[in-house]
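Visitor: My questions all concern the structure below.
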Amino acid sequence: MEAPREVVVKSRLAVSSLPRARVRPEAKATPPPGGWPWVGHFLTAGLPGRVRQPGGRAAWQSLRMDPFEDTLRRLREAFHTGRTRSAEFRAAQLRGLGRFLQENKQLLHDALAQDLHKSAFESELSEVAISQGEITLALRNLRAWMKDERVPKNLATQLDSTFIRKEPFGLVLIIAPWNYPLNLTLVPLVGALAAGNCVVLKPSEISKSIEKVLAEVLPRYLDESCFAVVLGGPQETGQLLEHRFDYIFFTGSPRVGRIVMTAAAKHLTPVTLELGGKNPCYVDDNCDPQTVANRVAWFRYFNAGQTCVAPDYVLCSPEMQERLLPALQSTITRFYGDNPQSSPNLGRIINQKQFQRLRALLGCGHVAIGGQSDESDRYIAPTVLVDVQETEPVMQEEIFGPILPILNVRSVDEAIEFINRREKPLALYAFSNSSQVVKRVLTQTSSGGFCGNDGFMHMTLASLPFGGVGASGMGRYHGKFSFDTFSHHRACLLRRPGMEKLNALRYPPHSPRRLRVLLVAMEARGCSCTLL
Amino acid sequence: MKDEPGSTNLFTKLDSVFIRKEPFGLVLIIAPWNYPVNLVLVPLVGALAAGNCVVLKPSEISQGTEKVLAEVLPQYLDQSCFAVVLGGPQETGQLLEHKFDYIFFTGSPRVGRIVMTAAAKHLTPVTLELGGKNPCYVDDNCDPQTVANRVAWFRYFNAGQTCVAPDYVLCSPEMQERLLPALQSTITRFYGDDPQSSPNLGRIINQKQFQRLRALLGCGRVAIGGQSDESDRYIAPTVLVDVQETEPVMQEEIFGPILPILNVWSVDEAIEFINRREKPLALYAFSNSSQVVNQMLERTSSGGFAGNDGFLYVSLLSVPLGGVGHSGMGRYHGKFTFDTFSHHRTCMFAPSGLEKLKEIRYPPYADWNQQLLRWGMGSKSCTLL
């Protein structure tokens with residue numbers, strides 16, 4: 001990459017009539033060894049080292065490359081040309097995404113296996129097929145979603161045209177996590193593109209193999225004037241967030257969610273935050289332990305537990321625990337064999353840092369099932385912990401691993417009280433043969449989503465919104481909800497220029513009689529409206 | 001309040017799926033001074049209808065209404081679930097350090113940033129109803145008197161202190177020539193020869209706003225009005241011409257009975273002018289040609305849009321009111337308010353038995369598992385399972 005002729009300090013308004021600040025000629029830098037770190041090369045070249053410059057520290061700081069400035073400006077300019085507005089353009093992007101999946105399936109499967117030891121089954125089911133399903137749904141419904149929504153009128157506006165128009169926000173940023181690195185990148189992307197936005201994608205640097213495919217292969221399938229992948233770690237992401245976007249979609253931890261929202265607040269940028277939490281799983285005495293064990297275990301150990309909606313901990317009575325443990329053992333053996341480490345169907349922990357964190361959690365309570373780990377393989381056995389105290393680390397943070405603690409409660413009420421003392425989770429589960437018990441748990445708690453007698457099936461239906469509440473997030477998506485998330489709903493009223501006599505009622509000087517007539521005219525089909 | 005049913009795919013046919021609306025919990029509503037009853041009560045209706053407990057912080061600037069809201073309103077509500085808190089910027093800052101489950105704010109973009117930053121600490125979702133400079137494009141092809149009537153009514157209503165009022169006019173010099181006498185005629189018709197004595201013209205809320213507006217009277221050249229009276233906080237319905245984009249009257253939301261006219265030579269120039277600036281809360285275009293109106297609509301963005309009229313659409317409860325970009329985020333009115341103050345919780349009830357049907361998803365896997373699952377998912381083209 002050749003060195004830039006001049007370095008431009010980022011401007012806060014990307015499309016602006018303000019002159020762009022220019023660096024003094026004497027402060028121009030010579031490139032450090034290895035060249036300027038352009039977008040995409042942070043992983044190898046690293047950030048620029050300190051270079052002595054005339055003009056001192058201030059000049060150096062203004063020279064420190066803002067690697068995103070050009071990319072963002074380019075995308076904004078493309079948006080302003082109106083290129084992304086037509087249904088044809090958007091459909092072409094979506095079809096490009098579809099081809100990306102079809103033509104690179106093996107590459108993607110390999111990358112997912114490398115990053116997370118995902119089996120072909122899991123990769124297909126939870127990554128490729130989900131993404132493909134969203135693309136298909138969007139293509140099928142694009143024009144319907146884009147259509148203006150007609151709205152009812154009142155008497156005063158009978159002759160007018162009133163509707164809600166969906167418009168793209170403009171430049172959208174999607175920050176994706178590492179646990180379902182394809183799904184959680186592509187599904188929001190489908191919505192953003194369908195809604196007509198230009199998109200900057202920041203995939204997770206932690207799921208390195210998928211990151212590489214997204215950075216190198218995906219852009220070829222999309223119009224690159226309207227789409228860019230940017231790479232980097234927390235520091236680069238922080239830099240990126242200093243820029244102004246028209247929408248930010250973030251999936252990740254609550255801690256980073258706060259950082260993203262705070263950065264967004266500076267620019268009054270709306271956000272969707274898909275966060276996490278500790279998803280409680282209440283198991284009633286009145287249920288079949290084996291059925292419950294099957295269902296809970298499948299959702300807990302899928303992707304080695306690295307799922308934001310997985311059941312995080314179980315609440316049940318000591319008696320139920322007695323029946324559940326052998327059932328869980330039986331299930332685990334059935335699913336993963338006597339030596340789970342050799343099962344092709346069990347994932348691995350994403351990296352050393354997460355592995356160490358999880359291994360430390362194995363010391364909480366005591367191990368009833370599993371508990372083995374292997375650092376060289378980043379393997380943690382499907383584990384169940386019992387005799388766990390609420391104050392122990394395993395109950396203080398989202399587990400995000402194949403460890404399931406069981407805590408005892410003596411009644412549904414106690415379980416509900418326990419749950420409500422804590423932050424609202426992303427998902428909540430209740431298992432019982434009694435629909436009354438299930439309904440009670442639903443009614444007396446709050447969470448992003450809820451499922452009675454199963455795991456996170458609810459989030460697999462594109463007709464239902466997926467999102468958190470409280471510390472587990474804000475906003476929602478999937479299917480049409482993604483399209484709506486990335487669209488501004490603009491209220492429009494088109495009146496006729498003539499017929500001014502009809503308007504005369506509202507003009508001063510006023511009289512009580514006129515006011516009465518006006519109020520009647522504003523009555524909409526029997527329901528009263530606000531005053532003109 | 002009713003649960004909304006959702007549609008299932010083949011694998012979830014036996015399940016009951018629906019969206020349940022739940023209150024967030026403790027909601028904070030911060031209201032402004034310009035429509036101090038409306039902009040308090042309308043959000044409050046939604047918050048209460050959605051089942052929340054509400055803390056109301058009315059504006060300390062509209063003191064008369066603040067008093068009524070603090071002393072009389074609580075008597076009509078269950079006070080275990082509702083409270084009014086009073087104070088200025090410092091107290092509001094203190095209030096915002098606390099955790100709320102939702103914050104609904106109406107006010108300026110500057111304070112909107114402060115509110116959203118405070119909300120971010122607690123991951124509290126927000127609706128921000130902010131403001132901006134709402135452009136009003138007047139095409140050559142229109143009837144000046146009709147336009148003058150409509151623009152003037154919406155501009156001078158509440159002495160211009162309306163977030164969706166037309167803030168400035170863009171038109172050609174020729175149109176301006178025709179518009180000025182029409183505006184004068186309208187103003188005289190509405191408010192008489194001495195607007196200060198008309199019962200139908202409002203006053204500026206306080207000295208600070210009055211002084212700010214009086215300073216703006218010095219921009220460009222006064223074509224109509226321009227009088228002011230400090231003792232009465234009165235500013236005459238005013239039209240300014242020969243205004244430069246760099247002058248103060250074009251740098252901030254006017255929020256008063258002053259209407260600057262700037263000249264453009266085409267629709268394209270008007271659109272370019274508008275798009276160089278922050279997205280406004282409202283955008284207006286007047287033309288006999290529906291093509292021109294549609295062009296304005298299609299090539300710009302704003303919270304709301306009206307062709308050939310002012311903010312009439314705000315009176316329609318079926319239409320959401322909200323901003324975009326610096327003019328805000330979120331929307332309300334009617335059902336949209338209820339939805340704003342509700343968490344939409346996706347719920348599913350699966351049968352506790354019928355385990356055999358679920359077996360297909362469990363490991364260890366054979367090829368047929370995968371194929372059958374894909375087929376089941378493909379039905380009704382949904383995402384996984």
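All residue names refer to the structure tokens as shown: chains lettered A, B, ... in order, residues numbered from 1 in each chain, ligands numbered from 1 in order.
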Within 7 Å of region 342-348 of chain B, counting only C-alpha atoms, which residues show up once you throw out same-chain ones fewer than 2 positions away? Write them as a PyMOL selection string, please.
Guide: (chain A and resi 447-452+458+464-465+469) or (chain B and resi 15-24+50+338-340+350)
Visitor: Just the residues within 7 Å of region 248-263 of chain B, please, counting only C-alpha atoms, with nothing from its chain fewer than 5 positions along; format it as a PDB file with all heavy atoms, in the first residue's frame.
Guide:
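selection03.pdb, freshly written:
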```
ATOM      1  N   GLY B 132     -34.774  20.395  15.443  1.00  0.00           N
ATOM      2  CA  GLY B 132     -33.879  20.719  14.347  1.00  0.00           C
ATOM      3  C   GLY B 132     -34.455  21.895  13.604  1.00  0.00           C
ATOM      4  O   GLY B 132     -35.399  22.544  14.079  1.00  0.00           O
ATOM      5  N   LYS B 133     -33.887  22.190  12.454  1.00  0.00           N
ATOM      6  CA  LYS B 133     -34.427  23.284  11.650  1.00  0.00           C
ATOM      7  C   LYS B 133     -35.233  22.641  10.521  1.00  0.00           C
ATOM      8  O   LYS B 133     -34.660  21.995   9.634  1.00  0.00           O
ATOM      9  CB  LYS B 133     -33.287  24.138  11.090  1.00  0.00           C
ATOM     10  CG  LYS B 133     -32.559  24.913  12.191  1.00  0.00           C
ATOM     11  CD  LYS B 133     -31.461  25.821  11.647  1.00  0.00           C
ATOM     12  CE  LYS B 133     -31.990  27.063  10.948  1.00  0.00           C
ATOM     13  NZ  LYS B 133     -32.803  27.954  11.781  1.00  0.00           N
ATOM     14  N   ARG B 155     -46.247  28.365  11.449  1.00  0.00           N
ATOM     15  CA  ARG B 155     -45.060  29.011  11.997  1.00  0.00           C
ATOM     16  C   ARG B 155     -45.388  29.784  13.266  1.00  0.00           C
ATOM     17  O   ARG B 155     -44.647  29.771  14.220  1.00  0.00           O
ATOM     18  CB  ARG B 155     -44.447  29.967  10.949  1.00  0.00           C
ATOM     19  CG  ARG B 155     -43.407  30.926  11.508  1.00  0.00           C
ATOM     20  CD  ARG B 155     -42.051  30.337  11.788  1.00  0.00           C
ATOM     21  NE  ARG B 155     -41.949  29.497  12.964  1.00  0.00           N
ATOM     22  CZ  ARG B 155     -40.824  29.023  13.460  1.00  0.00           C
ATOM     23  NH1 ARG B 155     -39.691  29.318  12.848  1.00  0.00           N
ATOM     24  NH2 ARG B 155     -40.812  28.242  14.531  1.00  0.00           N
ATOM     25  N   TYR B 156     -46.509  30.516  13.271  1.00  0.00           N
ATOM     26  CA  TYR B 156     -46.772  31.439  14.376  1.00  0.00           C
ATOM     27  C   TYR B 156     -47.640  30.841  15.471  1.00  0.00           C
ATOM     28  O   TYR B 156     -47.870  31.473  16.504  1.00  0.00           O
ATOM     29  CB  TYR B 156     -47.357  32.749  13.834  1.00  0.00           C
ATOM     30  CG  TYR B 156     -46.434  33.395  12.822  1.00  0.00           C
ATOM     31  CD1 TYR B 156     -46.835  33.597  11.513  1.00  0.00           C
ATOM     32  CD2 TYR B 156     -45.129  33.761  13.172  1.00  0.00           C
ATOM     33  CE1 TYR B 156     -45.986  34.160  10.576  1.00  0.00           C
ATOM     34  CE2 TYR B 156     -44.262  34.317  12.244  1.00  0.00           C
ATOM     35  CZ  TYR B 156     -44.699  34.512  10.949  1.00  0.00           C
ATOM     36  OH  TYR B 156     -43.838  35.065  10.019  1.00  0.00           O
ATOM     37  N   ALA B 159     -46.679  31.067  19.135  1.00  0.00           N
ATOM     38  CA  ALA B 159     -45.581  32.027  18.923  1.00  0.00           C
ATOM     39  C   ALA B 159     -44.330  31.318  18.412  1.00  0.00           C
ATOM     40  O   ALA B 159     -43.210  31.640  18.798  1.00  0.00           O
ATOM     41  CB  ALA B 159     -45.287  32.812  20.199  1.00  0.00           C
ATOM     42  N   GLY B 160     -44.544  30.314  17.550  1.00  0.00           N
ATOM     43  CA  GLY B 160     -43.411  29.656  16.903  1.00  0.00           C
ATOM     44  C   GLY B 160     -42.673  28.645  17.763  1.00  0.00           C
ATOM     45  O   GLY B 160     -41.684  28.065  17.343  1.00  0.00           O
ATOM     46  N   GLN B 161     -43.156  28.398  18.962  1.00  0.00           N
ATOM     47  CA  GLN B 161     -42.415  27.524  19.878  1.00  0.00           C
ATOM     48  C   GLN B 161     -42.901  26.080  19.732  1.00  0.00           C
ATOM     49  O   GLN B 161     -43.491  25.492  20.648  1.00  0.00           O
ATOM     50  CB  GLN B 161     -42.569  28.032  21.315  1.00  0.00           C
ATOM     51  CG  GLN B 161     -41.927  29.417  21.483  1.00  0.00           C
ATOM     52  CD  GLN B 161     -42.447  30.191  22.690  1.00  0.00           C
ATOM     53  OE1 GLN B 161     -41.698  30.529  23.593  1.00  0.00           O
ATOM     54  NE2 GLN B 161     -43.733  30.478  22.717  1.00  0.00           N
ATOM     55  N   THR B 162     -42.688  25.554  18.534  1.00  0.00           N
ATOM     56  CA  THR B 162     -43.179  24.225  18.180  1.00  0.00           C
ATOM     57  C   THR B 162     -42.067  23.470  17.486  1.00  0.00           C
ATOM     58  O   THR B 162     -41.502  23.967  16.517  1.00  0.00           O
ATOM     59  CB  THR B 162     -44.381  24.358  17.213  1.00  0.00           C
ATOM     60  OG1 THR B 162     -45.339  25.234  17.783  1.00  0.00           O
ATOM     61  CG2 THR B 162     -45.018  23.012  16.939  1.00  0.00           C
ATOM     62  N   ASP B 167     -39.265  26.003   9.964  1.00  0.00           N
ATOM     63  CA  ASP B 167     -38.252  26.866  10.574  1.00  0.00           C
ATOM     64  C   ASP B 167     -37.746  27.922   9.598  1.00  0.00           C
ATOM     65  O   ASP B 167     -37.499  29.057   9.982  1.00  0.00           O
ATOM     66  CB  ASP B 167     -37.086  25.990  11.065  1.00  0.00           C
ATOM     67  CG  ASP B 167     -36.036  26.753  11.845  1.00  0.00           C
ATOM     68  OD1 ASP B 167     -35.158  27.359  11.213  1.00  0.00           O
ATOM     69  OD2 ASP B 167     -36.112  26.764  13.079  1.00  0.00           O
ATOM     70  N   TYR B 168     -37.589  27.528   8.337  1.00  0.00           N
ATOM     71  CA  TYR B 168     -37.139  28.492   7.330  1.00  0.00           C
ATOM     72  C   TYR B 168     -37.709  28.089   5.980  1.00  0.00           C
ATOM     73  O   TYR B 168     -38.036  26.924   5.757  1.00  0.00           O
ATOM     74  CB  TYR B 168     -35.620  28.580   7.267  1.00  0.00           C
ATOM     75  CG  TYR B 168     -34.921  27.300   6.852  1.00  0.00           C
ATOM     76  CD1 TYR B 168     -34.555  27.066   5.524  1.00  0.00           C
ATOM     77  CD2 TYR B 168     -34.604  26.330   7.800  1.00  0.00           C
ATOM     78  CE1 TYR B 168     -33.912  25.900   5.149  1.00  0.00           C
ATOM     79  CE2 TYR B 168     -33.957  25.168   7.441  1.00  0.00           C
ATOM     80  CZ  TYR B 168     -33.611  24.952   6.122  1.00  0.00           C
ATOM     81  OH  TYR B 168     -32.963  23.796   5.749  1.00  0.00           O
ATOM     82  N   VAL B 169     -37.825  29.097   5.106  1.00  0.00           N
ATOM     83  CA  VAL B 169     -38.380  28.863   3.772  1.00  0.00           C
ATOM     84  C   VAL B 169     -37.257  28.890   2.741  1.00  0.00           C
ATOM     85  O   VAL B 169     -36.340  29.709   2.824  1.00  0.00           O
ATOM     86  CB  VAL B 169     -39.440  29.942   3.436  1.00  0.00           C
ATOM     87  CG1 VAL B 169     -39.750  29.978   1.944  1.00  0.00           C
ATOM     88  CG2 VAL B 169     -40.712  29.691   4.236  1.00  0.00           C
ATOM     89  N   LEU B 170     -37.348  27.982   1.778  1.00  0.00           N
ATOM     90  CA  LEU B 170     -36.450  27.997   0.618  1.00  0.00           C
ATOM     91  C   LEU B 170     -37.306  28.240  -0.608  1.00  0.00           C
ATOM     92  O   LEU B 170     -38.230  27.472  -0.877  1.00  0.00           O
ATOM     93  CB  LEU B 170     -35.755  26.633   0.459  1.00  0.00           C
ATOM     94  CG  LEU B 170     -34.720  26.236   1.507  1.00  0.00           C
ATOM     95  CD1 LEU B 170     -34.314  24.776   1.300  1.00  0.00           C
ATOM     96  CD2 LEU B 170     -33.507  27.131   1.428  1.00  0.00           C
ATOM     97  N   CYS B 171     -37.029  29.312  -1.329  1.00  0.00           N
ATOM     98  CA  CYS B 171     -37.789  29.562  -2.560  1.00  0.00           C
ATOM     99  C   CYS B 171     -36.961  30.444  -3.475  1.00  0.00           C
ATOM    100  O   CYS B 171     -35.936  30.994  -3.081  1.00  0.00           O
ATOM    101  CB  CYS B 171     -39.131  30.210  -2.231  1.00  0.00           C
ATOM    102  SG  CYS B 171     -39.009  31.897  -1.604  1.00  0.00           S
ATOM    103  N   SER B 172     -37.448  30.596  -4.716  1.00  0.00           N
ATOM    104  CA  SER B 172     -36.729  31.442  -5.669  1.00  0.00           C
ATOM    105  C   SER B 172     -37.006  32.915  -5.342  1.00  0.00           C
ATOM    106  O   SER B 172     -37.990  33.235  -4.661  1.00  0.00           O
ATOM    107  CB  SER B 172     -37.206  31.132  -7.083  1.00  0.00           C
ATOM    108  OG  SER B 172     -38.556  31.558  -7.200  1.00  0.00           O
ATOM    109  N   PRO B 173     -36.149  33.805  -5.835  1.00  0.00           N
ATOM    110  CA  PRO B 173     -36.401  35.239  -5.610  1.00  0.00           C
ATOM    111  C   PRO B 173     -37.767  35.671  -6.168  1.00  0.00           C
ATOM    112  O   PRO B 173     -38.454  36.493  -5.577  1.00  0.00           O
ATOM    113  CB  PRO B 173     -35.260  35.920  -6.368  1.00  0.00           C
ATOM    114  CG  PRO B 173     -34.192  34.882  -6.473  1.00  0.00           C
ATOM    115  CD  PRO B 173     -34.879  33.558  -6.532  1.00  0.00           C
ATOM    116  N   LEU B 213     -34.239  35.388  20.920  1.00  0.00           N
ATOM    117  CA  LEU B 213     -34.985  35.654  19.696  1.00  0.00           C
ATOM    118  C   LEU B 213     -34.815  37.092  19.239  1.00  0.00           C
ATOM    119  O   LEU B 213     -34.713  37.371  18.041  1.00  0.00           O
ATOM    120  CB  LEU B 213     -36.466  35.334  19.912  1.00  0.00           C
ATOM    121  CG  LEU B 213     -36.762  33.832  19.969  1.00  0.00           C
ATOM    122  CD1 LEU B 213     -38.131  33.583  20.568  1.00  0.00           C
ATOM    123  CD2 LEU B 213     -36.668  33.215  18.588  1.00  0.00           C
ATOM    124  N   LEU B 216     -31.961  37.510  17.158  1.00  0.00           N
ATOM    125  CA  LEU B 216     -32.084  36.971  15.802  1.00  0.00           C
ATOM    126  C   LEU B 216     -32.760  37.949  14.852  1.00  0.00           C
ATOM    127  O   LEU B 216     -32.606  37.846  13.637  1.00  0.00           O
ATOM    128  CB  LEU B 216     -32.886  35.659  15.819  1.00  0.00           C
ATOM    129  CG  LEU B 216     -32.265  34.483  16.587  1.00  0.00           C
ATOM    130  CD1 LEU B 216     -33.131  33.238  16.436  1.00  0.00           C
ATOM    131  CD2 LEU B 216     -30.851  34.204  16.119  1.00  0.00           C
ATOM    132  N   CYS B 219     -30.756  39.571  12.037  1.00  0.00           N
ATOM    133  CA  CYS B 219     -30.179  38.834  10.899  1.00  0.00           C
ATOM    134  C   CYS B 219     -30.872  39.226   9.606  1.00  0.00           C
ATOM    135  O   CYS B 219     -32.085  39.486   9.583  1.00  0.00           O
ATOM    136  CB  CYS B 219     -30.324  37.332  11.114  1.00  0.00           C
ATOM    137  SG  CYS B 219     -29.457  36.752  12.573  1.00  0.00           S
ATOM    138  N   ILE B 235     -42.918  39.067  20.628  1.00  0.00           N
ATOM    139  CA  ILE B 235     -42.183  39.246  19.383  1.00  0.00           C
ATOM    140  C   ILE B 235     -43.225  39.196  18.261  1.00  0.00           C
ATOM    141  O   ILE B 235     -44.033  38.272  18.203  1.00  0.00           O
ATOM    142  CB  ILE B 235     -41.115  38.166  19.191  1.00  0.00           C
ATOM    143  CG1 ILE B 235     -40.124  38.197  20.354  1.00  0.00           C
ATOM    144  CG2 ILE B 235     -40.438  38.290  17.831  1.00  0.00           C
ATOM    145  CD1 ILE B 235     -38.669  38.053  20.015  1.00  0.00           C
ATOM    146  N   ALA B 236     -43.209  40.183  17.392  1.00  0.00           N
ATOM    147  CA  ALA B 236     -44.195  40.234  16.314  1.00  0.00           C
ATOM    148  C   ALA B 236     -43.968  39.103  15.323  1.00  0.00           C
ATOM    149  O   ALA B 236     -42.833  38.665  15.133  1.00  0.00           O
ATOM    150  CB  ALA B 236     -44.073  41.572  15.589  1.00  0.00           C
ATOM    151  N   PRO B 237     -45.049  38.639  14.669  1.00  0.00           N
ATOM    152  CA  PRO B 237     -44.864  37.679  13.577  1.00  0.00           C
ATOM    153  C   PRO B 237     -43.945  38.315  12.541  1.00  0.00           C
ATOM    154  O   PRO B 237     -44.286  39.332  11.948  1.00  0.00           O
ATOM    155  CB  PRO B 237     -46.274  37.463  13.032  1.00  0.00           C
ATOM    156  CG  PRO B 237     -47.180  37.857  14.149  1.00  0.00           C
ATOM    157  CD  PRO B 237     -46.469  38.938  14.910  1.00  0.00           C
ATOM    158  N   THR B 238     -42.789  37.718  12.339  1.00  0.00           N
ATOM    159  CA  THR B 238     -41.722  38.349  11.568  1.00  0.00           C
ATOM    160  C   THR B 238     -41.297  37.472  10.401  1.00  0.00           C
ATOM    161  O   THR B 238     -41.288  36.240  10.501  1.00  0.00           O
ATOM    162  CB  THR B 238     -40.498  38.583  12.498  1.00  0.00           C
ATOM    163  OG1 THR B 238     -40.885  39.469  13.539  1.00  0.00           O
ATOM    164  CG2 THR B 238     -39.308  39.150  11.732  1.00  0.00           C
ATOM    165  N   VAL B 239     -40.958  38.150   9.300  1.00  0.00           N
ATOM    166  CA  VAL B 239     -40.347  37.458   8.165  1.00  0.00           C
ATOM    167  C   VAL B 239     -39.036  38.165   7.849  1.00  0.00           C
ATOM    168  O   VAL B 239     -39.007  39.396   7.721  1.00  0.00           O
ATOM    169  CB  VAL B 239     -41.264  37.480   6.923  1.00  0.00           C
ATOM    170  CG1 VAL B 239     -40.570  36.798   5.741  1.00  0.00           C
ATOM    171  CG2 VAL B 239     -42.580  36.784   7.223  1.00  0.00           C
ATOM    172  N   LEU B 240     -37.954  37.398   7.751  1.00  0.00           N
ATOM    173  CA  LEU B 240     -36.636  37.954   7.417  1.00  0.00           C
ATOM    174  C   LEU B 240     -36.257  37.540   6.002  1.00  0.00           C
ATOM    175  O   LEU B 240     -36.533  36.412   5.585  1.00  0.00           O
ATOM    176  CB  LEU B 240     -35.569  37.425   8.382  1.00  0.00           C
ATOM    177  CG  LEU B 240     -35.754  37.669   9.872  1.00  0.00           C
ATOM    178  CD1 LEU B 240     -34.650  36.968  10.660  1.00  0.00           C
ATOM    179  CD2 LEU B 240     -35.754  39.149  10.184  1.00  0.00           C
ATOM    180  N   VAL B 241     -35.602  38.453   5.285  1.00  0.00           N
ATOM    181  CA  VAL B 241     -35.084  38.117   3.955  1.00  0.00           C
ATOM    182  C   VAL B 241     -33.598  38.468   3.907  1.00  0.00           C
ATOM    183  O   VAL B 241     -33.062  39.017   4.867  1.00  0.00           O
ATOM    184  CB  VAL B 241     -35.860  38.855   2.838  1.00  0.00           C
ATOM    185  CG1 VAL B 241     -37.310  38.399   2.810  1.00  0.00           C
ATOM    186  CG2 VAL B 241     -35.758  40.358   3.032  1.00  0.00           C
ATOM    187  N   ASP B 242     -32.955  38.124   2.786  1.00  0.00           N
ATOM    188  CA  ASP B 242     -31.525  38.400   2.584  1.00  0.00           C
ATOM    189  C   ASP B 242     -30.709  37.792   3.723  1.00  0.00           C
ATOM    190  O   ASP B 242     -29.758  38.395   4.224  1.00  0.00           O
ATOM    191  CB  ASP B 242     -31.250  39.912   2.513  1.00  0.00           C
ATOM    192  CG  ASP B 242     -32.027  40.575   1.391  1.00  0.00           C
ATOM    193  OD1 ASP B 242     -32.393  39.860   0.429  1.00  0.00           O
ATOM    194  OD2 ASP B 242     -32.295  41.793   1.475  1.00  0.00           O
ATOM    195  N   VAL B 243     -31.094  36.594   4.113  1.00  0.00           N
ATOM    196  CA  VAL B 243     -30.401  35.929   5.220  1.00  0.00           C
ATOM    197  C   VAL B 243     -29.291  35.050   4.674  1.00  0.00           C
ATOM    198  O   VAL B 243     -29.482  34.330   3.695  1.00  0.00           O
ATOM    199  CB  VAL B 243     -31.420  35.061   6.006  1.00  0.00           C
ATOM    200  CG1 VAL B 243     -30.710  34.184   7.018  1.00  0.00           C
ATOM    201  CG2 VAL B 243     -32.445  35.956   6.688  1.00  0.00           C
TER     202      VAL B 243
END
```
Visitor: Got a sec to tell me which of region 255-345 of chain A DSSP assigns to strand (DSSP E or B), as a list in words?
Guide: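 The residues of region 255-345 of chain A classed as strand (DSSP E or B) are Val271, Thr272, Leu273, Glu274, Pro280, Cys281, Tyr282, Val283, Tyr313, Val314, Leu315 and Cys316 of chain A.
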Visitor: What does the distance between CA of Asp115 (chain A) and CA of Asp377 (chain A) come to in Å, to one decimal place?
Guide: 11.8 Å
